[in-house]
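Everything on this sheet refers to the single structure shown next.
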Protein chains: 2
Amino acid sequence: MDESLPAAYQQLCQHQRETAIFSSVEHLLGWDERTLMPPAAASYRAEQMTLLAGMIHRRQTDPQIGQWLEELADSPLAADRQSDAGTVIRQLKRQYEKRTRLPQALVEELAKLAIEGQQVWQQARQEDDYASFAPILKKTIELKRQQADAIGFADCRYDALLDDFEPQESTANVGRVLAALREDLVPLIRQIGDSRRAPDIELLQRRYPMDAQQAFGRAAAARIGFDFHRGRLDTTVHPFCSGLGPNDTRLTTRYDERFFPTAFFGILHEAGHGIYDQGLRQLWYGLPPGQEVSLGIHESQSRMWENQVGRSRAFWQFHFPLAQEAFPDTLAKVTLDEFYFAINLVRPSLIRVEADEATYNLHILIRFELEQALLEDDLPVDDLPTAWNEKYQAYLGVQPPNDREGVLQDIHWSSGAIGYFPTYALGNLYAAQFFAQADADLGDLKQQFASGQFEPLRQWLQRNIHQPGQCYPAAELVERVTGRPLDHQCLLQQLRAKLGPLYELD
Amino acid sequence: MDESLPAAYQQLCQHQRETAIFSSVEHLLGWDERTLMPPAAASYRAEQMTLLAGMIHRRQTDPQIGQWLEELADSPLAADRQSDAGTVIRQLKRQYEKRTRLPQALVEELAKLAIEGQQVWQQARQEDDYASFAPILKKTIELKRQQADAIGFADCRYDALLDDFEPQESTANVGRVLAALREDLVPLIRQIGDSRRAPDIELLQRRYPMDAQQAFGRAAAARIGFDFHRGRLDTTVHPFCSGLGPNDTRLTTRYDERFFPTAFFGILHEAGHGIYDQGLRQLWYGLPPGQEVSLGIHESQSRMWENQVGRSRAFWQFHFPLAQEAFPDTLAKVTLDEFYFAINLVRPSLIRVEADEATYNLHILIRFELEQALLEDDLPVDDLPTAWNEKYQAYLGVQPPNDREGVLQDIHWSSGAIGYFPTYALGNLYAAQFFAQADADLGDLKQQFASGQFEPLRQWLQRNIHQPGQCYPAAELVERVTGRPLDHQCLLQQLRAKLGPLYELD
């Protein structure tokens, strides 16, 4: 730390770094819970996490932070929008003000409801009983409205909730881009549905032994740039990536011996998240210049390695011969083109987490539109299943046979995470626009992938996306890196360029 | 919690339980560091642990504890020596007074020296250079004297240090029992050395595939009563058992494909520790009635399952056929008696951690005698290697060729752990005396083991040793359970009864 900086700044940073250490310990507790913890340890683990979370919350809302920020308000540091120190002050001020605007009682009520909501939801989903979930969803919506009102917003309540996941983004802007995407995507998917061409996905459903999948996936993650000296790969039920420290990034996946894509694209996806974390500036660990911009930007990194890279023909020009070595019995008589077509199946379906690269965005759009309507009181909670099913019919041409495979499929709303969904689609849009720029900057990426070279792309991402940390909000980062605001054109172009030839579209 | 109890008592317990939660989190950090953590994460892990340790220390020395204890001083609860509440007050008072007697500066100096000491020792051992270690050992001895003086002691400074590991035990008493053991053990080991019988240990050095060792060891641990629903078994370099919560006990081991005993007896040993932890009263987790009595008692549990049970012929009557199934190529032509003799090799050696069940105690005795002499200034640090070598010659008849295999072999002194060693030998003595009592109480244990029944012994241990927690100090527990004070007779008898026939002694 530069000794010439104001004492208040140094103390603020020190306090924040220590909070980050406690948070990273909380992440270890969470990671362990989801990977290795003995079954009977769950309730004590909850006690450990609650105690730590309470302590972290008290630190984050410590009035001392307000005093330091006040002392720094007139400092030239705070005014400097370009500097890291300016970013520290600006972002910590934003976070502190947002947190302290929430009444403690509401925070506690929300936390309690999240736990109860998830339990009720789990039961309701299992029994396909939306009516038993509706009351708690009503209460959740009501509390989220109170949360939005307490925090404040420019345009609509959804703005305040979206800000938790995609800071400084506006509902209007996201709505505009996603609506435009929908206008083009719905007909494209319909066209694909009408195509006479279809891949043979049976070849992905043969036997892929777990050990071989693990070795193959691990090698691919390392090849695209995930550093196993600073991270791990483990097994879990619902895969995730967790950051436990500047040099401790842990990927997880799950293996299906009868479906190759589950683990492999899961690993590429989580490795994308991990490569982002590993690409942040270590010296700023725990402070805004060394932290992720937003969930959408984080998702862009996972999606790019999974889709733009991992589902490209060029990637498999290099990897398919290795896959044939890893799974000799399974893939001996399969061709590269058959395999490539199979991993690019596009087909409307009911379940978001199993959706393909193209239709996935429509699953998100449906949720984004519905949660706005719920929040603005345009849609009564009791009418949600009907609205859900109508949108699935309209956008994807499919009809859920029950609420379990419909409106009850996701955990998010039950835990109070309203405003989270759009970050998934934003991730896809950011990824496409970044990737187009990287391709323009780096020459022919396809050729590099075909020869197993992924380091130029990783370095480009690190330089342009990872290293700035939170110096700019997502929208500004996109403009700075790609020269124009976010729109849906790159994603649409990339999907058309890939799917057009495969499905022989006009 | 009983609402009728005084508020000060309830608050004291609540505070202590929360401290225990933070400690259990620290244990998770430590466990993860030694099993799974990516190599590059070490320095941040140290930051996490230091921050947490500092917080725990502040909680443990919080003057509020002193106030609660003062309020409770005249309460009838405190006077009740038999009750759990009495144990809480008595033990927390002991701990608090001991901790607050140490000046903060000395605590910090000791912590710093422990880290530096281990680094210097590691280098010195590697280079077989005692002279480079001597200065820091001198400083350590000096600080440990200050520690003893600050804490206070009845008879000698060693009492104060021993108390950290074997609370309320006296140096004089331990010295008396260990000296008596030495008097009988030295001639017994000499007799064995002179025997014309010797096991063929080549059969233990054949190939034992790791996977098979793991499955075999895990099954044995479960069979003797370690509950894998409330625990795990993982791999590490220096095996240990760690308690991460009332239902989260983790064993570790290391595998040597060319030496069967390393992992197997290691697993039984750590499972013994784990069975103790799992046998404590969960409702009292984190408070003295639900905590281990002492390191010696803890060690008695690991040693009993490893030696009295695991190296008995009866144990292998049941397990040897299973071992032959698990390692068919390796053990097909080996007989039970050859195997049983091989795992009971007794032979004087230089390295403590590789020593057998009988000679191990002399390794401890040597260290116990030397560290008392160092502390009392009878032995200058510079003369330690000579004194070490003389004792090895006198007690074990072996001569270290260098200090690396002599005085520099253990980490303990370098980290300031003086007074720790005797707990290993006490563990062996307690184990023998408890085992003799269990055998008397439960009928023929041999017969039970031979038919794979270990649950009666485990339940006996849980009832008599685990469940009382810290209600009695170790010496009192031994008397209560076995009807007489600790002595060396049971251990000696058991060794003679086993080794006599094997080595055909008179």
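For the structure tokens, the naming scheme is as follows: chains receive sequential letters (A, B, ...) according to their order of presentation, residues are indexed from 1 within each chain, and ligands are indexed from 1 in presentation order.
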Check stretch 269-436 of chain B with DSSP on the backbone and list each residue it calls helix (DSSP H, G or I), as a ChimeraX atom specification.
-> /B:269-279,282-284,288-290,295-309,313-326,328-331,336-342,352-354,360-375,381-396,413-415,422-436
Determine which residues of chain A sit within 12 Å of chain B, taking into account only C-alpha atoms, and present them as a VMD selection string.
-> chain A and resid 15 17 to 33 35 to 53 55 227 to 234 243 to 251 278 282 to 283 285 to 286
With only C-alpha atoms as the atoms that count, which of B:Gln462, B:Thr482, B:Gln122, B:Gln453 lies nearest to B:Arg223?
-> B:Gln453
Can you pull out the residues contacting B:Tyr395? Cut-off 10 Å, using only C-alpha atoms, and skip same-chain residues under 3 positions away; I want them as a short mmCIF file (atom, residue, chain, number, x, y, z; two decimals) with N, CA and C atoms, in the first residue's frame.
data_model
loop_
_atom_site.label_atom_id
_atom_site.label_comp_id
_atom_site.auth_asym_id
_atom_site.auth_seq_id
_atom_site.Cartn_x
_atom_site.Cartn_y
_atom_site.Cartn_z
N ARG B 182 10.49 -48.02 31.88
CA ARG B 182 11.82 -48.17 31.29
C ARG B 182 12.58 -49.32 31.94
N GLU B 183 12.50 -49.41 33.26
CA GLU B 183 13.23 -50.45 33.99
C GLU B 183 12.87 -51.86 33.48
N LEU B 185 11.16 -52.39 30.43
CA LEU B 185 11.09 -52.48 28.98
C LEU B 185 12.46 -52.69 28.34
N VAL B 186 13.47 -52.01 28.89
CA VAL B 186 14.81 -52.13 28.31
C VAL B 186 15.27 -53.59 28.29
N PRO B 187 15.17 -54.31 29.43
CA PRO B 187 15.57 -55.73 29.37
C PRO B 187 14.69 -56.58 28.45
N ILE B 189 13.22 -55.69 25.67
CA ILE B 189 13.62 -55.45 24.28
C ILE B 189 14.97 -56.11 23.99
N ARG B 190 15.85 -56.08 25.00
CA ARG B 190 17.15 -56.75 24.83
C ARG B 190 16.95 -58.26 24.64
N PRO B 348 14.81 -52.42 17.85
CA PRO B 348 15.26 -51.05 18.13
C PRO B 348 15.63 -50.33 16.84
N THR B 359 9.22 -50.60 21.43
CA THR B 359 10.35 -49.67 21.52
C THR B 359 9.91 -48.21 21.47
N LEU B 362 10.34 -46.04 24.50
CA LEU B 362 11.69 -45.59 24.88
C LEU B 362 12.08 -44.34 24.10
N HIS B 363 11.64 -44.26 22.84
CA HIS B 363 11.87 -43.02 22.08
C HIS B 363 11.26 -41.82 22.83
N LEU B 365 10.52 -41.68 26.11
CA LEU B 365 11.23 -41.47 27.36
C LEU B 365 12.46 -40.60 27.19
N ILE B 366 13.20 -40.90 26.15
CA ILE B 366 14.42 -40.14 25.88
C ILE B 366 14.09 -38.65 25.72
N GLU B 390 23.73 -40.67 23.54
CA GLU B 390 24.04 -41.53 24.69
C GLU B 390 22.80 -42.28 25.16
N LYS B 391 21.68 -41.58 25.19
CA LYS B 391 20.45 -42.23 25.66
C LYS B 391 19.97 -43.30 24.66
N TYR B 392 20.10 -43.01 23.38
CA TYR B 392 19.71 -44.03 22.38
C TYR B 392 20.56 -45.29 22.56
N VAL B 398 21.19 -48.46 20.03
CA VAL B 398 21.49 -48.01 18.66
C VAL B 398 22.14 -46.64 18.73
#
Write out as a VMD selection string the residues lying within 10 Å of stretch 319-332 of chain A, counting only C-alpha atoms and excluding same-chain residues fewer than 6 positions away.
-> chain A and resid 203 to 209 211 to 213 215 to 217 220 310 313 339 to 340 449 to 452
